[in-house]
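Here is the file target_39.pdb (PDB, C-alpha atoms).
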```pdb
ATOM      1  CA  ILE A 656     -83.031  57.345-179.161
ATOM      2  CA  GLU A 657     -80.705  60.192-178.310
ATOM      3  CA  ASP A 658     -80.284  63.519-180.059
ATOM      4  CA  GLN A 659     -78.237  63.133-183.253
ATOM      5  CA  PRO A 660     -75.523  65.656-184.233
ATOM      6  CA  VAL A 661     -76.424  67.908-187.166
ATOM      7  CA  ALA A 662     -73.761  70.630-187.296
ATOM      8  CA  VAL A 663     -71.378  72.904-185.459
ATOM      9  CA  ILE A 664     -71.365  76.638-186.123
ATOM     10  CA  ALA A 665     -68.549  79.003-185.105
ATOM     11  CA  LEU A 666     -68.769  82.790-185.336
ATOM     12  CA  LYS A 667     -66.275  85.615-185.750
ATOM     13  CA  GLN A 668     -67.424  89.219-185.632
ATOM     14  CA  LEU A 669     -66.289  91.348-188.593
ATOM     15  CA  ALA A 670     -68.221  94.532-187.732
ATOM     16  CA  PRO A 671     -71.373  95.454-185.787
ATOM     17  CA  GLN A 672     -74.152  93.056-186.900
ATOM     18  CA  ARG A 673     -71.765  91.401-189.398
ATOM     19  CA  PHE A 674     -70.239  87.968-188.734
ATOM     20  CA  GLN A 675     -68.235  85.275-190.493
ATOM     21  CA  ALA A 676     -69.971  81.947-189.815
ATOM     22  CA  THR A 677     -68.253  78.595-190.243
ATOM     23  CA  LEU A 678     -70.866  75.849-190.446
ATOM     24  CA  VAL A 679     -69.663  72.236-190.316
ATOM     25  CA  PRO A 680     -72.563  69.873-191.086
ATOM     26  CA  THR A 681     -71.991  66.392-189.634
ATOM     27  CA  GLY A 682     -69.893  64.321-192.041
ATOM     28  CA  GLN A 683     -69.476  67.173-194.535
ATOM     29  CA  PRO A 684     -66.894  69.862-195.277
ATOM     30  CA  ALA A 685     -67.040  73.277-193.626
ATOM     31  CA  ILE A 686     -69.083  76.051-195.225
ATOM     32  CA  GLU A 687     -68.100  79.685-194.616
ATOM     33  CA  ARG A 688     -70.689  82.411-195.085
ATOM     34  CA  GLU A 689     -71.184  85.998-193.985
ATOM     35  CA  LEU A 690     -74.239  86.621-191.802
ATOM     36  CA  LEU A 691     -75.874  89.953-191.007
ATOM     37  CA  GLY A 692     -77.864  90.640-187.874
ATOM     38  CA  ASP A 693     -77.860  89.728-184.202
ATOM     39  CA  GLU A 694     -78.703  86.004-184.384
ATOM     40  CA  TRP A 695     -77.971  83.064-186.680
ATOM     41  CA  GLN A 696     -80.665  80.626-187.773
ATOM     42  CA  LEU A 697     -80.352  77.133-189.255
ATOM     43  CA  ASP A 698     -83.427  75.669-191.010
ATOM     44  CA  ALA A 699     -84.050  72.050-191.993
ATOM     45  CA  ARG A 700     -86.763  69.840-193.475
ATOM     46  CA  VAL A 701     -87.453  66.755-191.394
ATOM     47  CA  ILE A 702     -88.936  63.311-192.037
ATOM     48  CA  ARG A 703     -89.929  61.137-189.093
ATOM     49  CA  TRP A 704     -90.383  57.385-189.621
ATOM     50  CA  GLN A 705     -93.539  55.275-189.424
ATOM     51  CA  LEU A 706     -93.764  51.910-187.685
ATOM     52  CA  PRO A 707     -91.899  49.531-187.776
ATOM     53  CA  ALA A 708     -88.917  51.762-188.592
ATOM     54  CA  ALA A 709     -89.759  54.046-185.652
ATOM     55  CA  LEU A 710     -89.767  51.078-183.254
ATOM     56  CA  ALA A 711     -86.392  50.021-184.627
ATOM     57  CA  GLY A 712     -85.015  53.345-183.405
ATOM     58  CA  LEU A 713     -84.240  54.966-186.757
ATOM     59  CA  PRO A 714     -83.489  58.651-186.217
ATOM     60  CA  PRO A 715     -85.349  61.310-188.212
ATOM     61  CA  VAL A 716     -83.979  62.184-191.637
ATOM     62  CA  TYR A 717     -83.278  65.863-192.234
ATOM     63  CA  ARG A 718     -82.068  68.107-195.015
ATOM     64  CA  LEU A 719     -80.421  71.405-194.141
ATOM     65  CA  GLU A 720     -82.240  74.115-196.069
ATOM     66  CA  ARG A 721     -80.698  77.454-195.186
ATOM     67  CA  LEU A 722     -78.365  79.368-192.924
ATOM     68  CA  SER A 723     -79.350  82.953-192.294
ATOM     69  CA  GLY A 724     -78.758  85.960-190.119
ATOM     70  CA  ARG A 725     -81.681  87.555-188.328
ATOM     71  CA  TYR A 726     -82.170  90.692-186.296
ATOM     72  CA  SER A 727     -83.515  90.590-182.758
ATOM     73  CA  ASP A 728     -85.614  93.717-183.422
ATOM     74  CA  PRO A 729     -88.401  93.057-185.982
ATOM     75  CA  GLN A 730     -88.065  96.641-187.277
ATOM     76  CA  ASP A 731     -84.416  95.932-188.140
ATOM     77  CA  GLU A 732     -85.554  92.720-189.859
ATOM     78  CA  ILE A 733     -87.876  94.788-192.060
ATOM     79  CA  GLY A 734     -85.448  97.554-192.962
ATOM     80  CA  LYS A 735     -81.877  96.267-192.783
ATOM     81  CA  PRO A 736     -80.019  94.060-195.269
ATOM     82  CA  ARG A 737     -80.630  90.321-194.926
ATOM     83  CA  SER A 738     -78.322  87.359-195.412
ATOM     84  CA  VAL A 739     -79.716  83.981-196.457
ATOM     85  CA  HIS A 740     -77.618  81.080-197.769
ATOM     86  CA  ASP A 741     -79.045  78.045-199.565
ATOM     87  CA  LEU A 742     -77.742  74.766-198.097
ATOM     88  CA  ARG A 743     -79.816  72.366-200.205
ATOM     89  CA  GLN A 744     -77.959  69.795-202.249
ATOM     90  CA  ARG A 745     -78.917  68.463-205.678
ATOM     91  CA  TRP A 746     -80.057  64.976-204.571
ATOM     92  CA  ASP A 747     -80.979  63.613-201.210
ATOM     93  CA  PHE A 748     -83.377  61.253-199.481
ATOM     94  CA  TRP A 749     -85.918  64.038-198.890
ATOM     95  CA  MET A 750     -86.405  64.642-202.605
ATOM     96  CA  MET A 751     -86.631  60.913-203.370
ATOM     97  CA  GLN A 752     -89.174  60.336-200.609
ATOM     98  CA  GLN A 753     -91.258  63.304-201.770
ATOM     99  CA  ARG A 754     -91.288  62.082-205.371
ATOM    100  CA  TYR A 755     -92.206  58.473-204.518
ATOM    101  CA  ALA A 756     -94.338  59.106-201.421
ATOM    102  CA  ASP A 757     -97.337  57.273-202.910
ATOM    103  CA  LEU A 758     -95.243  54.160-203.587
ATOM    104  CA  VAL A 759     -93.230  54.112-200.385
ATOM    105  CA  ARG A 760     -95.167  55.201-197.302
ATOM    106  CA  LEU A 761     -92.214  55.585-194.946
ATOM    107  CA  ALA A 762     -92.812  59.012-193.479
ATOM    108  CA  ASP A 763     -94.916  59.547-190.378
ATOM    109  CA  ALA A 764     -94.607  63.315-190.530
ATOM    110  CA  ARG A 765     -92.825  65.887-192.660
ATOM    111  CA  TRP A 766     -92.178  69.436-191.539
ATOM    112  CA  GLY A 767     -89.668  72.200-191.106
ATOM    113  CA  SER A 768     -87.616  72.891-188.036
ATOM    114  CA  ALA A 769     -85.250  75.719-187.147
ATOM    115  CA  ALA A 770     -82.865  76.694-184.378
ATOM    116  CA  TYR A 771     -81.356  80.088-183.640
ATOM    117  CA  LEU A 772     -79.153  81.738-181.046
ATOM    118  CA  PRO A 773     -77.289  85.047-180.823
ATOM    119  CA  MET A 774     -74.207  85.772-182.894
ATOM    120  CA  LEU A 775     -71.408  86.493-180.446
ATOM    121  CA  ASP A 776     -67.751  86.975-181.340
ATOM    122  CA  GLY A 777     -65.890  83.708-180.707
ATOM    123  CA  ALA A 778     -69.026  81.672-179.957
ATOM    124  CA  THR A 779     -69.382  78.052-181.061
ATOM    125  CA  TYR A 780     -72.697  76.205-181.063
ATOM    126  CA  ARG A 781     -73.646  72.565-181.512
ATOM    127  CA  VAL A 782     -76.907  71.782-183.339
ATOM    128  CA  THR A 783     -78.641  68.423-182.872
ATOM    129  CA  ILE A 784     -81.939  66.866-183.930
ATOM    130  CA  ASP A 785     -84.087  65.215-181.285
ATOM    131  CA  PRO A 786     -85.918  61.900-181.894
ATOM    132  CA  ARG A 787     -89.158  63.756-182.616
ATOM    133  CA  GLY A 788     -87.498  65.803-185.361
ATOM    134  CA  GLY A 789     -86.798  69.174-183.747
ATOM    135  CA  LEU A 790     -83.518  71.031-184.186
ATOM    136  CA  VAL A 791     -81.865  72.023-180.904
ATOM    137  CA  ALA A 792     -78.974  74.507-180.608
ATOM    138  CA  LYS A 793     -76.727  74.696-177.544
ATOM    139  CA  PRO A 794     -73.383  76.221-176.630
ATOM    140  CA  ALA A 795     -70.556  73.896-177.662
ATOM    141  CA  ASP A 796     -68.198  74.978-174.868
ATOM    142  CA  GLU A 797     -67.821  76.924-171.611
ATOM    143  CA  LYS A 798     -66.559  80.025-173.442
ATOM    144  CA  THR A 799     -69.795  80.231-175.431
ATOM    145  CA  GLU A 800     -71.835  79.554-172.284
ATOM    146  CA  GLY A 801     -70.094  82.528-170.671
ATOM    147  CA  LEU A 802     -70.652  84.751-173.724
ATOM    148  CA  LEU A 803     -74.358  83.929-173.592
ATOM    149  CA  ARG A 804     -74.544  84.783-169.883
ATOM    150  CA  GLU A 805     -72.719  88.087-170.465
ATOM    151  CA  SER A 806     -75.103  89.003-173.289
ATOM    152  CA  GLY A 807     -78.180  88.306-171.144
ATOM    153  CA  TRP A 808     -79.317  85.108-172.881
TER     154      TRP A 808
END
```
The structure given in the file should be rewritten as structure tokens.
Amino acid sequence: IEDQPVAVIALKQLAPQRFQATLVPTGQPAIERELLGDEWQLDARVIRWQLPAALAGLPPVYRLERLSGRYSDPQDEIGKPRSVHDLRQRWDFWMMQQRYADLVRLADARWGSAAYLPMLDGATYRVTIDPRGGLVAKPADEKTEGLLRESGW
């Protein structure tokens, strides 16, 4: 099984440590949110399948939980304003599986996963989920790859 697309995130700097983020979850409309800090972070809950579903190649199921800004310096994280945006939806497979877990033993493992990278003006990142259920963030284009190199990442 290959990595499955989760979302694309594009960033535009508004001021120092203040960015406009456009998050486009796979198959869903774009979400625009303001993020504060030096890095963006996308969090998800993940369900991995038991046999025989795992042998059939079913990819993990995930639910995006939150999009947030974070500071690279922990002291800034303690003292500066934070930005956290709830991405949960009213109904999804995760909630159903949690409610009926005793009746339907489909999940092999349930956990959280997150990916983060620096917020750079004009950067675009692609977020995927690997077959084992981990979120992976990578530059979506050469421009972003260059921005990362210039910033020392």
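The closest residue to Tyr717 of chain A, picked from A:Asp693, A:Glu657, A:Asp776, A:Asp785 and counting all atoms listed in the file, is A:Asp785.
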- From the list A:Pro680, A:Gly767, A:Gly801, A:Pro729, which residue is nearest Arg781 of chain A when using all atoms listed in the file?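 Closest to Arg781 of chain A, using all atoms listed in the file: A:Pro680.
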Check which residues satisfy the PyMOL selection byres ((chain A and resi 696) around 8) in the file shown, then give them as a compact mmCIF listing (two decimals) with C-alpha atoms, in the frame of the given file.
```txt
# COMPACT_ATOMS: atom_id res chain seq x y z
CA GLU A 694 -78.70 86.00 -184.38
CA TRP A 695 -77.97 83.06 -186.68
CA LEU A 697 -80.35 77.13 -189.26
CA ASP A 698 -83.43 75.67 -191.01
CA LEU A 722 -78.36 79.37 -192.92
CA SER A 723 -79.35 82.95 -192.29
CA GLY A 724 -78.76 85.96 -190.12
CA ARG A 725 -81.68 87.56 -188.33
CA ALA A 769 -85.25 75.72 -187.15
CA ALA A 770 -82.86 76.69 -184.38
CA TYR A 771 -81.36 80.09 -183.64
CA LEU A 772 -79.15 81.74 -181.05
```
- Within 12 Å of Arg804 of chain A using all atoms listed in the file, minus same-chain residues under 5 positions, as a PyMOL selection string: chain A and resi 773+775+778+794+797-799
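The gap separating atom CA of Val782 of chain A from atom CA of Leu742 of chain A is 15.1 Å, in Å to one decimal.
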- Query: For Val716 of chain A, which residue out of A:Lys793, A:Arg673, A:Arg737, A:Arg703 is the nearest one, using all atoms listed in the file?
  - Reply: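 Closest residue, counting all atoms listed in the file: A:Arg703.
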Filtering to N, CA, C and O atoms, could segment 672-688 of chain A of the supplied structure be written out as a PDB file, in the first residue's frame?
```pdb
ATOM      1  N   GLN A 672       5.493  35.976  12.346  1.00  0.00           N
ATOM      2  CA  GLN A 672       4.834  34.913  13.107  1.00  0.00           C
ATOM      3  C   GLN A 672       3.305  34.941  12.975  1.00  0.00           C
ATOM      4  O   GLN A 672       2.591  34.496  13.860  1.00  0.00           O
ATOM      5  N   ARG A 673       2.819  35.404  11.828  1.00  0.00           N
ATOM      6  CA  ARG A 673       1.370  35.441  11.558  1.00  0.00           C
ATOM      7  C   ARG A 673       1.157  35.087  10.079  1.00  0.00           C
ATOM      8  O   ARG A 673       1.653  35.794   9.201  1.00  0.00           O
ATOM      9  N   PHE A 674       0.406  34.002   9.837  1.00  0.00           N
ATOM     10  CA  PHE A 674       0.230  33.480   8.490  1.00  0.00           C
ATOM     11  C   PHE A 674      -1.239  33.187   8.195  1.00  0.00           C
ATOM     12  O   PHE A 674      -1.999  32.848   9.090  1.00  0.00           O
ATOM     13  N   GLN A 675      -1.594  33.312   6.931  1.00  0.00           N
ATOM     14  CA  GLN A 675      -2.888  32.828   6.436  1.00  0.00           C
ATOM     15  C   GLN A 675      -2.622  31.446   5.857  1.00  0.00           C
ATOM     16  O   GLN A 675      -1.793  31.292   4.964  1.00  0.00           O
ATOM     17  N   ALA A 676      -3.308  30.430   6.405  1.00  0.00           N
ATOM     18  CA  ALA A 676      -3.146  29.055   5.936  1.00  0.00           C
ATOM     19  C   ALA A 676      -4.392  28.650   5.161  1.00  0.00           C
ATOM     20  O   ALA A 676      -5.510  28.879   5.621  1.00  0.00           O
ATOM     21  N   THR A 677      -4.172  28.053   3.998  1.00  0.00           N
ATOM     22  CA  THR A 677      -5.269  27.470   3.226  1.00  0.00           C
ATOM     23  C   THR A 677      -5.046  25.964   3.236  1.00  0.00           C
ATOM     24  O   THR A 677      -4.096  25.472   2.635  1.00  0.00           O
ATOM     25  N   LEU A 678      -5.922  25.264   3.944  1.00  0.00           N
ATOM     26  CA  LEU A 678      -5.856  23.812   4.054  1.00  0.00           C
ATOM     27  C   LEU A 678      -6.920  23.216   3.143  1.00  0.00           C
ATOM     28  O   LEU A 678      -8.088  23.596   3.221  1.00  0.00           O
ATOM     29  N   VAL A 679      -6.505  22.297   2.271  1.00  0.00           N
ATOM     30  CA  VAL A 679      -7.457  21.619   1.381  1.00  0.00           C
ATOM     31  C   VAL A 679      -7.385  20.121   1.694  1.00  0.00           C
ATOM     32  O   VAL A 679      -6.536  19.404   1.165  1.00  0.00           O
ATOM     33  N   PRO A 680      -8.287  19.637   2.586  1.00  0.00           N
ATOM     34  CA  PRO A 680      -8.323  18.202   2.852  1.00  0.00           C
ATOM     35  C   PRO A 680      -8.764  17.452   1.589  1.00  0.00           C
ATOM     36  O   PRO A 680      -9.603  17.956   0.830  1.00  0.00           O
ATOM     37  N   THR A 681      -8.223  16.280   1.355  1.00  0.00           N
ATOM     38  CA  THR A 681      -8.543  15.505   0.163  1.00  0.00           C
ATOM     39  C   THR A 681     -10.052  15.306   0.044  1.00  0.00           C
ATOM     40  O   THR A 681     -10.696  14.848   0.977  1.00  0.00           O
ATOM     41  N   GLY A 682     -10.595  15.702  -1.111  1.00  0.00           N
ATOM     42  CA  GLY A 682     -12.015  15.520  -1.396  1.00  0.00           C
ATOM     43  C   GLY A 682     -12.936  16.477  -0.670  1.00  0.00           C
ATOM     44  O   GLY A 682     -14.151  16.268  -0.663  1.00  0.00           O
ATOM     45  N   GLN A 683     -12.398  17.529  -0.062  1.00  0.00           N
ATOM     46  CA  GLN A 683     -13.214  18.483   0.680  1.00  0.00           C
ATOM     47  C   GLN A 683     -12.882  19.909   0.262  1.00  0.00           C
ATOM     48  O   GLN A 683     -11.831  20.155  -0.328  1.00  0.00           O
ATOM     49  N   PRO A 684     -13.757  20.854   0.599  1.00  0.00           N
ATOM     50  CA  PRO A 684     -13.478  22.251   0.255  1.00  0.00           C
ATOM     51  C   PRO A 684     -12.331  22.826   1.087  1.00  0.00           C
ATOM     52  O   PRO A 684     -12.014  22.328   2.173  1.00  0.00           O
ATOM     53  N   ALA A 685     -11.750  23.893   0.571  1.00  0.00           N
ATOM     54  CA  ALA A 685     -10.647  24.574   1.254  1.00  0.00           C
ATOM     55  C   ALA A 685     -11.129  25.216   2.553  1.00  0.00           C
ATOM     56  O   ALA A 685     -12.269  25.664   2.659  1.00  0.00           O
ATOM     57  N   ILE A 686     -10.220  25.254   3.517  1.00  0.00           N
ATOM     58  CA  ILE A 686     -10.459  25.883   4.814  1.00  0.00           C
ATOM     59  C   ILE A 686      -9.364  26.922   4.994  1.00  0.00           C
ATOM     60  O   ILE A 686      -8.184  26.594   4.918  1.00  0.00           O
ATOM     61  N   GLU A 687      -9.743  28.176   5.245  1.00  0.00           N
ATOM     62  CA  GLU A 687      -8.752  29.226   5.489  1.00  0.00           C
ATOM     63  C   GLU A 687      -8.767  29.605   6.955  1.00  0.00           C
ATOM     64  O   GLU A 687      -9.822  29.862   7.522  1.00  0.00           O
ATOM     65  N   ARG A 688      -7.577  29.636   7.551  1.00  0.00           N
ATOM     66  CA  ARG A 688      -7.444  29.974   8.965  1.00  0.00           C
ATOM     67  C   ARG A 688      -6.153  30.753   9.177  1.00  0.00           C
ATOM     68  O   ARG A 688      -5.164  30.550   8.473  1.00  0.00           O
TER      69      ARG A 688
END
```
